[in-house]
Amino acid sequence: MEQEPIILVVDDVLRNIQLIGNMLKSSGYRINYATDGQSAIENALKNPYDLILLDIMMPKLSGFDVCEKLKENPITKEIPIIFLTAKTDMESVTKGFQIGGVDYITKPFNQEELIVRVKTHINLQKQNKKLKELNAMKDKFFSIIAHDLKNPFHSILGLSEILAARAEHYDTNRIKELASFIHSSTKSGYDLLLNLLEWARSQTNSIKFQPENYALNDFIQKIIDFFTSNAEEKNIQIIKQIPENASIFGDLNMLNTVIQNLVTNAIKFTHTNGKVTISANTTENFTTLAIADTGIGMSEENKNKLFRIDEHYIQPGTNGESGTGLGLIICKEFVEKHEGKIWVESELDRGSCFFITIPASKPS
């Protein structure tokens, strides 16, 4: 459940803070306060405020000084600032906008005006944030099309051209080798296309969310059966440790996409003769599913890049398998659609374990 926005009120007069605080609290907002400019700056650096109401006339640091310092800092520069002022001369108003303020409210305060302006700018900030995320998604999408999708087709064209031109000069083993490379590149491109289509559908809300109760054991066994041949190519053992009575409540197609992506990655990043273990346990209302491997693992730095559209982390598999990281972004979106969570624990050269939580049964 989304928390109510939190607002920092900055004024050197406590009576004003109390007055504004009561107005905001009665409309469901959370508030914090500061009575001078320096403490306001320190407070804003420690807390992710949705908006700051900032008095202009304060001792030592004026509201204008505070605003300039906040806008210079990358941590606080995106927080919208509304000035509180008794001064409505054009020079003060203009300066407030020039240094980064988004609006101003005059004293004495009118509750209806205050709430409307606060609500408007918090909503604008949310929309701006969403727009930036959408732009990042667009950039990621075109980056994948321009680079990652081109690579497998480049390999297919090159290898098939060699095979067509020199097939009569190659023995059966060489032809099989080239055919295997072509198949691998084709599968890589196909898998990427599937992820792109799933992602595009999720971004346009074209996927209907249809959760039902499912027996987890049967669900996981079908996925293991699907990956048997992939695992056998690297002599990887897939181990299932699912309680007989374990259940999940979710959208079968979405969860199938999530688990298949995670198992694909586990096999991809595990060395020959390794192990992939799929386990589960149920606590309270959620089932936690874990997909662990004995693969290459990852550093803390790279782990923090996962599940993020604004980061581009690519790690080839142990047999040179390619990937884009898009699958994990889809996993995160689909898991969160179930009100669940996804995270990873990993140790370099020891392996990784991805966890997801899914409702165990239909909420009563």
# chains A, B, ... in the order shown; residues from 1 in each chain; ligands from 1
>>> select_by_dssp(residues="segment 167-311 of chain A", states="strand (DSSP E or B)", output="PyMOL selection string")
chain A and resi 211-215+237-241+247-251+275-283+286-293
>>> write_last_selection(atoms="C-alpha atoms", output="compact mmCIF listing (two decimals), in the first residue's frame")
# COMPACT_ATOMS: atom_id res chain seq x y z
CA PRO A 211 -4.83 -14.98 -10.37
CA GLU A 212 -5.96 -18.45 -9.25
CA ASN A 213 -4.88 -21.05 -6.71
CA TYR A 214 -2.29 -23.55 -7.94
CA ALA A 215 -0.43 -26.51 -6.47
CA GLN A 237 21.29 -31.31 -12.05
CA ILE A 238 17.98 -29.56 -11.26
CA ILE A 239 16.83 -30.37 -7.73
CA LYS A 240 13.27 -29.78 -6.53
CA GLN A 241 12.64 -29.20 -2.83
CA SER A 247 0.43 -23.60 -2.97
CA ILE A 248 0.46 -20.23 -4.68
CA PHE A 249 -2.22 -17.74 -5.67
CA GLY A 250 -1.23 -15.98 -8.86
CA ASP A 251 -1.49 -15.48 -12.58
CA LYS A 275 23.44 -27.79 -9.59
CA VAL A 276 20.28 -25.68 -9.66
CA THR A 277 17.96 -26.04 -6.67
CA ILE A 278 14.33 -24.89 -6.62
CA SER A 279 12.90 -24.76 -3.10
CA ALA A 280 9.95 -23.21 -1.30
CA ASN A 281 8.51 -22.55 2.12
CA THR A 282 5.28 -20.96 3.27
CA THR A 283 5.07 -18.50 6.15
CA PHE A 286 3.06 -15.93 1.43
CA THR A 287 5.07 -18.65 -0.25
CA THR A 288 8.75 -17.86 -0.73
CA LEU A 289 10.30 -19.53 -3.75
CA ALA A 290 14.10 -19.76 -4.10
CA ILE A 291 16.10 -20.61 -7.24
CA ALA A 292 19.72 -21.25 -6.23
CA ASP A 293 22.68 -22.15 -8.42
>>> residues_around(residues="Leu328 of chain A", least_positions_apart="3", cutoff="12 Å", atoms="only C-alpha atoms", output="number ranges by chain")
A: 195-196, 198-199, 257-265, 303, 305-309, 311-314, 323-325, 331-335, 342-344, 354-356
>>> write_last_selection(atoms="N, CA and C atoms", output="tab-separated table (two decimals), in the first residue's frame")
chain	number	residue	atom	x	y	z
A	195	ASN	N	10.93	-11.98	-24.54
A	195	ASN	CA	11.01	-11.04	-23.42
A	195	ASN	C	10.59	-9.63	-23.83
A	196	LEU	N	11.01	-9.22	-25.03
A	196	LEU	CA	10.61	-7.90	-25.53
A	196	LEU	C	9.09	-7.79	-25.66
A	198	GLU	N	6.81	-9.62	-24.05
A	198	GLU	CA	6.20	-9.63	-22.71
A	198	GLU	C	6.34	-8.26	-22.06
A	199	TRP	N	7.51	-7.67	-22.20
A	199	TRP	CA	7.77	-6.36	-21.58
A	199	TRP	C	6.88	-5.28	-22.21
A	257	THR	N	6.40	-17.03	-16.69
A	257	THR	CA	7.44	-16.16	-17.26
A	257	THR	C	8.53	-15.87	-16.23
A	258	VAL	N	8.13	-15.58	-15.00
A	258	VAL	CA	9.09	-15.26	-13.93
A	258	VAL	C	10.01	-16.44	-13.65
A	259	ILE	N	9.42	-17.60	-13.38
A	259	ILE	CA	10.22	-18.77	-13.00
A	259	ILE	C	11.09	-19.23	-14.16
A	260	GLN	N	10.56	-19.19	-15.37
A	260	GLN	CA	11.36	-19.60	-16.53
A	260	GLN	C	12.57	-18.68	-16.71
A	261	ASN	N	12.38	-17.39	-16.52
A	261	ASN	CA	13.51	-16.46	-16.61
A	261	ASN	C	14.57	-16.77	-15.56
A	262	LEU	N	14.13	-17.03	-14.33
A	262	LEU	CA	15.08	-17.28	-13.24
A	262	LEU	C	15.81	-18.61	-13.43
A	263	VAL	N	15.10	-19.64	-13.89
A	263	VAL	CA	15.75	-20.93	-14.13
A	263	VAL	C	16.70	-20.84	-15.33
A	264	THR	N	16.28	-20.11	-16.36
A	264	THR	CA	17.16	-19.88	-17.52
A	264	THR	C	18.48	-19.26	-17.08
A	265	ASN	N	18.39	-18.23	-16.24
A	265	ASN	CA	19.60	-17.57	-15.75
A	265	ASN	C	20.45	-18.50	-14.90
A	303	LYS	N	25.24	-6.70	-8.36
A	303	LYS	CA	23.95	-7.12	-7.79
A	303	LYS	C	22.99	-5.94	-7.67
A	305	LYS	N	22.76	-3.53	-9.64
A	305	LYS	CA	22.31	-3.08	-10.96
A	305	LYS	C	21.13	-3.88	-11.49
A	306	LEU	N	20.84	-5.01	-10.83
A	306	LEU	CA	19.76	-5.86	-11.30
A	306	LEU	C	18.40	-5.22	-11.05
A	307	PHE	N	17.41	-5.63	-11.81
A	307	PHE	CA	16.01	-5.19	-11.68
A	307	PHE	C	15.83	-3.71	-11.99
A	308	ARG	N	16.84	-3.05	-12.57
A	308	ARG	CA	16.74	-1.61	-12.82
A	308	ARG	C	16.80	-1.33	-14.32
A	309	ILE	N	15.83	-0.55	-14.77
A	309	ILE	CA	15.76	-0.20	-16.19
A	309	ILE	C	16.85	0.79	-16.57
A	311	GLU	N	19.93	0.81	-15.55
A	311	GLU	CA	21.27	0.22	-15.53
A	311	GLU	C	21.35	-0.85	-16.61
A	312	HIS	N	22.51	-0.97	-17.23
A	312	HIS	CA	22.69	-1.96	-18.29
A	312	HIS	C	23.79	-2.93	-17.86
A	313	TYR	N	23.38	-4.04	-17.27
A	313	TYR	CA	24.35	-5.03	-16.78
A	313	TYR	C	24.22	-6.30	-17.62
A	314	ILE	N	25.28	-6.63	-18.33
A	314	ILE	CA	25.30	-7.83	-19.16
A	314	ILE	C	26.47	-8.71	-18.75
A	323	GLY	N	22.66	-12.34	-22.97
A	323	GLY	CA	21.48	-11.87	-22.26
A	323	GLY	C	21.47	-10.36	-22.23
A	324	THR	N	20.34	-9.79	-21.77
A	324	THR	CA	20.21	-8.33	-21.73
A	324	THR	C	19.84	-7.77	-20.37
A	325	GLY	N	19.41	-8.64	-19.44
A	325	GLY	CA	18.93	-8.16	-18.15
A	325	GLY	C	17.46	-7.78	-18.18
A	331	CYS	N	10.51	-9.82	-14.53
A	331	CYS	CA	10.25	-10.59	-13.31
A	331	CYS	C	9.80	-9.68	-12.18
A	332	LYS	N	10.53	-8.58	-11.99
A	332	LYS	CA	10.21	-7.65	-10.91
A	332	LYS	C	8.80	-7.07	-11.09
A	333	GLU	N	8.46	-6.67	-12.31
A	333	GLU	CA	7.14	-6.10	-12.56
A	333	GLU	C	6.03	-7.11	-12.29
A	334	PHE	N	6.24	-8.36	-12.74
A	334	PHE	CA	5.20	-9.37	-12.57
A	334	PHE	C	5.06	-9.79	-11.11
A	335	VAL	N	6.17	-9.90	-10.39
A	335	VAL	CA	6.11	-10.26	-8.97
A	335	VAL	C	5.41	-9.16	-8.18
A	342	ILE	N	10.92	-9.49	-4.91
A	342	ILE	CA	11.98	-10.27	-5.54
A	342	ILE	C	13.32	-9.68	-5.13
A	343	TRP	N	14.26	-10.56	-4.78
A	343	TRP	CA	15.60	-10.10	-4.41
A	343	TRP	C	16.60	-11.23	-4.65
A	344	VAL	N	17.87	-10.89	-4.51
A	344	VAL	CA	18.91	-11.88	-4.78
A	344	VAL	C	19.99	-11.81	-3.71
A	354	PHE	N	18.02	-16.47	-6.13
A	354	PHE	CA	16.96	-15.50	-6.33
A	354	PHE	C	15.73	-15.93	-5.54
A	355	PHE	N	15.14	-14.98	-4.84
A	355	PHE	CA	13.95	-15.24	-4.03
A	355	PHE	C	12.77	-14.44	-4.56
A	356	ILE	N	11.59	-15.05	-4.55
A	356	ILE	CA	10.37	-14.31	-4.82
A	356	ILE	C	9.32	-14.72	-3.79
>>> residues_around(residues="Lys268 of chain A", least_positions_apart="5", cutoff="12 Å", atoms="only C-alpha atoms", output="number ranges by chain")
A: 188, 227, 230-231, 233-234, 236, 260-263, 274-276, 293-297, 315-323, 351-352
>>> atom_distance(atom1="atom CA of Asn16 of chain A", atom2="atom CA of Thr35 of chain A")
10.2 Å
>>> residues_around(residues="Ser62 of chain A", least_positions_apart="4", cutoff="12 Å", atoms="only C-alpha atoms", output="number ranges by chain")
A: 10-12, 35-38, 40-41, 54-58, 66-69, 83-85, 96
>>> write_last_selection(atoms="C-alpha atoms", output="compact mmCIF listing (two decimals), in the first residue's frame")
# COMPACT_ATOMS: atom_id res chain seq x y z
CA VAL A 10 10.29 25.12 7.24
CA ASP A 11 9.44 28.25 9.25
CA ASP A 12 11.13 30.02 12.15
CA THR A 35 12.79 26.03 12.34
CA ASP A 36 15.88 27.31 10.54
CA GLY A 37 17.57 27.02 7.17
CA GLN A 38 20.55 24.87 8.13
CA ALA A 40 16.11 22.21 6.95
CA ILE A 41 18.98 21.37 4.59
CA LEU A 54 9.72 26.94 2.79
CA ASP A 55 9.39 30.29 4.53
CA ILE A 56 11.35 33.08 2.83
CA MET A 57 12.03 35.43 5.74
CA MET A 58 14.23 33.54 8.22
CA VAL A 66 18.06 27.30 1.43
CA CYS A 67 16.40 26.73 -1.94
CA GLU A 68 19.61 27.46 -3.84
CA LYS A 69 21.58 25.00 -1.69
CA PHE A 83 7.64 29.33 -0.81
CA LEU A 84 5.68 30.68 2.15
CA THR A 85 5.73 34.46 2.12
CA GLY A 96 11.70 32.44 -6.18
>>> closest_residue(among="A:Leu53, A:Leu14, A:Ala179, A:Ile82", to="Ile31 of chain A", atoms="only C-alpha atoms")
A:Leu53
>>> atom_distance(atom1="atom CA of Gly101 of chain A", atom2="atom CA of Asn73 of chain A")
14.6 Å
>>> atom_distance(atom1="atom CA of Gln125 of chain A", atom2="atom CA of Ile6 of chain A")
13.0 Å
>>> select_by_dssp(residues="segment 57-161 of chain A", states="alpha helix (DSSP H)", output="JSON, numbers by chain")
{"A": [63, 64, 65, 66, 67, 68, 69, 70, 71, 72, 90, 91, 92, 93, 94, 95, 96, 97, 98, 111, 112, 113, 114, 115, 116, 117, 118, 119, 120, 121, 122, 123, 124, 125, 126, 127, 128, 129, 130, 131, 132, 133, 134, 135, 136, 137, 138, 139, 140, 141, 142, 143, 150, 151, 152, 153, 154, 155, 156, 157, 158, 159, 160, 161]}
>>> write_last_selection(atoms="C-alpha atoms", output="compact mmCIF listing (two decimals), in the first residue's frame")
# COMPACT_ATOMS: atom_id res chain seq x y z
CA GLY A 63 14.36 30.67 2.21
CA PHE A 64 16.04 31.74 -1.02
CA ASP A 65 19.45 30.66 0.34
CA VAL A 66 18.06 27.30 1.43
CA CYS A 67 16.40 26.73 -1.94
CA GLU A 68 19.61 27.46 -3.84
CA LYS A 69 21.58 25.00 -1.69
CA LEU A 70 18.96 22.29 -2.06
CA LYS A 71 18.86 22.72 -5.84
CA GLU A 72 22.67 22.46 -6.02
CA MET A 90 7.07 40.89 -8.37
CA GLU A 91 10.80 40.91 -7.61
CA SER A 92 10.48 38.34 -4.79
CA VAL A 93 8.10 36.15 -6.77
CA THR A 94 10.37 36.21 -9.83
CA LYS A 95 13.46 35.39 -7.79
CA GLY A 96 11.70 32.44 -6.18
CA PHE A 97 10.90 30.92 -9.56
CA GLN A 98 14.37 31.67 -10.95
CA GLN A 111 -6.44 26.02 3.96
CA GLU A 112 -8.22 25.28 0.70
CA GLU A 113 -5.56 27.10 -1.35
CA LEU A 114 -2.73 25.43 0.58
CA ILE A 115 -4.07 21.91 0.07
CA VAL A 116 -4.85 22.45 -3.62
CA ARG A 117 -1.36 23.81 -4.37
CA VAL A 118 0.34 21.07 -2.35
CA LYS A 119 -1.69 18.33 -4.04
CA THR A 120 -1.09 19.80 -7.50
CA HIS A 121 2.69 19.91 -7.16
CA ILE A 122 3.00 16.49 -5.54
CA ASN A 123 0.98 15.02 -8.42
CA LEU A 124 3.12 16.89 -10.95
CA GLN A 125 6.26 15.51 -9.32
CA LYS A 126 4.89 11.97 -9.51
CA GLN A 127 4.03 12.46 -13.17
CA ASN A 128 7.50 13.83 -13.92
CA LYS A 129 9.08 10.86 -12.18
CA LYS A 130 6.90 8.47 -14.15
CA LEU A 131 7.78 10.28 -17.38
CA LYS A 132 11.50 9.90 -16.65
CA GLU A 133 10.99 6.19 -15.99
CA LEU A 134 9.10 5.82 -19.26
CA ASN A 135 11.86 7.63 -21.14
CA ALA A 136 14.43 5.33 -19.54
CA MET A 137 12.32 2.35 -20.61
CA LYS A 138 12.12 3.71 -24.15
CA ASP A 139 15.90 4.18 -24.25
CA LYS A 140 16.40 0.63 -22.94
CA PHE A 141 13.99 -0.73 -25.53
CA PHE A 142 15.75 0.94 -28.46
CA SER A 143 19.16 0.00 -27.06
CA LYS A 150 21.26 -7.44 -33.79
CA ASN A 151 23.98 -9.70 -32.38
CA PRO A 152 22.27 -13.11 -32.70
CA PHE A 153 21.03 -12.31 -36.20
CA HIS A 154 24.52 -11.18 -37.18
CA SER A 155 25.85 -14.57 -36.04
CA ILE A 156 23.10 -16.44 -37.87
CA LEU A 157 23.77 -14.59 -41.12
CA GLY A 158 27.53 -15.04 -40.89
CA LEU A 159 27.48 -18.73 -39.97
CA SER A 160 24.77 -19.66 -42.49
CA GLU A 161 26.70 -17.81 -45.21
